[in-house]
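*Asks:* Right, I'll just put the structure down here and ask away after.
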Amino acid sequence: MQPATVYSRDRCITGIHGMDEILRGGIPYGSTVLCSGTCGSGKTTFGMEFLVRGALSGEACAHFTATEPSVKLLENIRQYAFFDMNMIDTGLINVFDMDVLYSWLGLEKSTFDLADVHALIKSIVDIVNTIGVTRLVIDSVTTLCYKIKSEQLIRDFLFTLGKKLATLGCTTILISEITSATENAHWSSFGVEEAIADGIIVMGDVERMGHLLRFLQVVKMRGTGHSRAKHAIELTPLGVMLTPMLKWGAMSDKQSRWGS
Amino acid sequence: MFELDQRIAEQLTEVSLNSAVQVRCGNSNAFMVTASTLIPLMQMFEMGGVYICATRGAVEIIDGFEAIGVDVSEIHFIDLVSSGILGGTDITHPNVTFVDSPIMLESVLLRTLYTLRIAQSERNFVLIDSVNALAIYNEERMLAEYLHTFINTFRQREVLSIILNVPDQVPPMVLANLDLYCTDLIDRGQVVIH
């Protein structure tokens with residue numbers, strides 16, 4: 001009897017220690033992945049390492065920063081041994097300040113309407129297309145979406161952006177800020193991002209006897225099997241490192257039932 | 001004059017890199033047993049490694065070895081104690097890093113893996129000093145699970161695991177599990193019969 005042929009989508013190998021194992025080989029190419037996390041959970045480092053690992057294998061990468069100026073971002077990321085400023089100088093990693101982009105587009109206003117959203121999508125897609133970007137990070141989509149007042153418009157923005165980037169073969173990480181990563185929390189600020197995304201990676205903290213332990217959990221990833229377990233993470237000079245979280249220690253103190 | 005237990009070195013010649021050795025000691029001979037284990041690994045077998053300090057701070061251990069004329073500058077120390085003491089982390093040893101608390105067990109594992117990734121030596125050990133100190137902070141089931149994960153992680157990577165404990169003070173479930181996971185036993189524990 002012949003073994004059944006199993007179709008497997010090509011993968012974007014993240015190169016992040018442990019991550020490709022969790023994803024059974026990497027993120028399916030062209031996916032839009034929402035990386036949601038609380039403050040200090042390691043989202044920006046995760047996103048930047050995703051780009052650096054791509055640049056190391058010769059891929060063109062882009063980072064759109066809306067939460068901090070690019071200069072500050074690069075200063076913070078230089079402490080990591082995996083990062084090399086040459087990647088910026090040689091154009092393998094391209095960092096764009098959203099404020100500068102808004103200024104180019106004449107979008108220096110507090111609220112975006114439909115036309116503004118389409119102009120923004122077009123400019124991002126044009127940059128991706130022109131440079132031939134295959135890995136993109138938007139940090140954060142929350143800050144960007146604050147300017148879009150209607151839920152429907154946010155949904156349209158993310159859906160259209162994701163669709164166009166996928167067509168260009170670009171794997172995208174949308175970083176999202178959330179205030180809580182517990183069981184009852186939303187995985188996005190506006191509640192619509194999680195429905196649009198092909199994948200959801202949640203990052204947060206487990207409180208254990210007064211100490212915060214960072215965790216990462218892949219909640220959803222279309223096109224691949226994956227672990228859904230909580231993984232403890234450590235931000236080392238070599239990048240993000242992951243290990244499965246201890247089963248008896250995976251719950252925050254408030255939810256745990258130790259000794260019962 | 002400090003005397004090493006030479007029989008420990010002899011016993012260590014029998015273990016391989018993917019072994020997990022449970023080293024039992026008593027309250028009064030803990031440093032002698034630790035030194036008798038660590039010194040042959042460094043000097044006879046020319047191994048590098050990671051020393052996980054949960055019982056005492058790294059500086060105190062380094063000073064202890066220096067006092068008997070042993071250079072441990074090639075060993076990396078992960079100190080789980082000193083962050084809990086004001087000023088405890090204000091030291092100049094380049095081979096010491098700190099984890100906030102012995103409760104951060106996964107961080108200890110990841111920090112150890114990171115240290116081994118940057119290590120110069122091809123043959124390495126990881127030493128936990130001690131299970132008793134970890135048991136102060138960690139619930140019995142979690143500690144048993146951790147030791148299970150820890151030993152298997154390093155066995156798979158061909159890194160020798162050395163697990164120190166004072167057996168009559170280790171929670172029974174943890175000790176029973178250690179007996180199951182470890183491939184070798186060096187027993188210098190002084191069993192107290194109540």
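For the structure tokens, the naming scheme is as follows: chains receive sequential letters (A, B, ...) according to their order of presentation, residues are indexed from 1 within each chain, and ligands are indexed from 1 in presentation order.
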Return as a PDB file with N, CA and C atoms, in the first residue's frame the residues belonging to chain B that are within 7 Å of chain A, counting only C-alpha atoms.

*Replies:*
ATOM      1  N   MET B 104      12.202  30.603  39.468  1.00  0.00           N
ATOM      2  CA  MET B 104      12.198  30.786  38.007  1.00  0.00           C
ATOM      3  C   MET B 104      12.896  29.598  37.345  1.00  0.00           C
ATOM      4  N   GLU B 106      12.311  27.584  34.796  1.00  0.00           N
ATOM      5  CA  GLU B 106      12.495  27.563  33.332  1.00  0.00           C
ATOM      6  C   GLU B 106      13.597  28.535  32.912  1.00  0.00           C
ATOM      7  N   SER B 107      13.686  29.680  33.604  1.00  0.00           N
ATOM      8  CA  SER B 107      14.743  30.647  33.287  1.00  0.00           C
ATOM      9  C   SER B 107      16.112  30.030  33.557  1.00  0.00           C
ATOM     10  N   LEU B 110      16.862  27.756  30.644  1.00  0.00           N
ATOM     11  CA  LEU B 110      17.198  28.503  29.430  1.00  0.00           C
ATOM     12  C   LEU B 110      18.552  29.197  29.556  1.00  0.00           C
ATOM     13  N   ARG B 141       5.659  18.634  43.342  1.00  0.00           N
ATOM     14  CA  ARG B 141       5.343  18.097  42.009  1.00  0.00           C
ATOM     15  C   ARG B 141       6.057  18.880  40.923  1.00  0.00           C
ATOM     16  N   MET B 142       6.142  20.203  41.122  1.00  0.00           N
ATOM     17  CA  MET B 142       6.792  21.032  40.110  1.00  0.00           C
ATOM     18  C   MET B 142       8.294  20.740  40.067  1.00  0.00           C
ATOM     19  N   TYR B 146      10.389  19.361  37.024  1.00  0.00           N
ATOM     20  CA  TYR B 146      11.540  20.129  36.532  1.00  0.00           C
ATOM     21  C   TYR B 146      12.773  19.254  36.388  1.00  0.00           C
TER      22      TYR B 146
END

*Asks:* Hey, what's within 12 Å of Met1 (chain B) if we count only C-alpha atoms and toss same-chain stuff fewer than 6 positions away? As a ChimeraX atom specification, please?

*Replies:* /B:32,67-69

*Asks:* Quick check, in Å to one decimal: how far apart do CA of Asp97 (chain A) and CA of Val202 (chain A) lie?

*Replies:*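 Going from CA of Asp97 (chain A) over to CA of Val202 (chain A), I get 24.6 Å.
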
*Asks:* With only C-alpha atoms as the atoms that count, which of A:Gly30, A:Gly47, A:Gly15, A:Gly37 lies nearest to Trp187 (chain A)?

*Replies:*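 Closest to Trp187 (chain A) of all the choices is A:Gly37.
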
*Asks:* If I take CA of Leu216 (chain A) and CA of Cys12 (chain A), how far is one from the other in Å, to one decimal?

*Replies:*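 The value is 18.7 Å.
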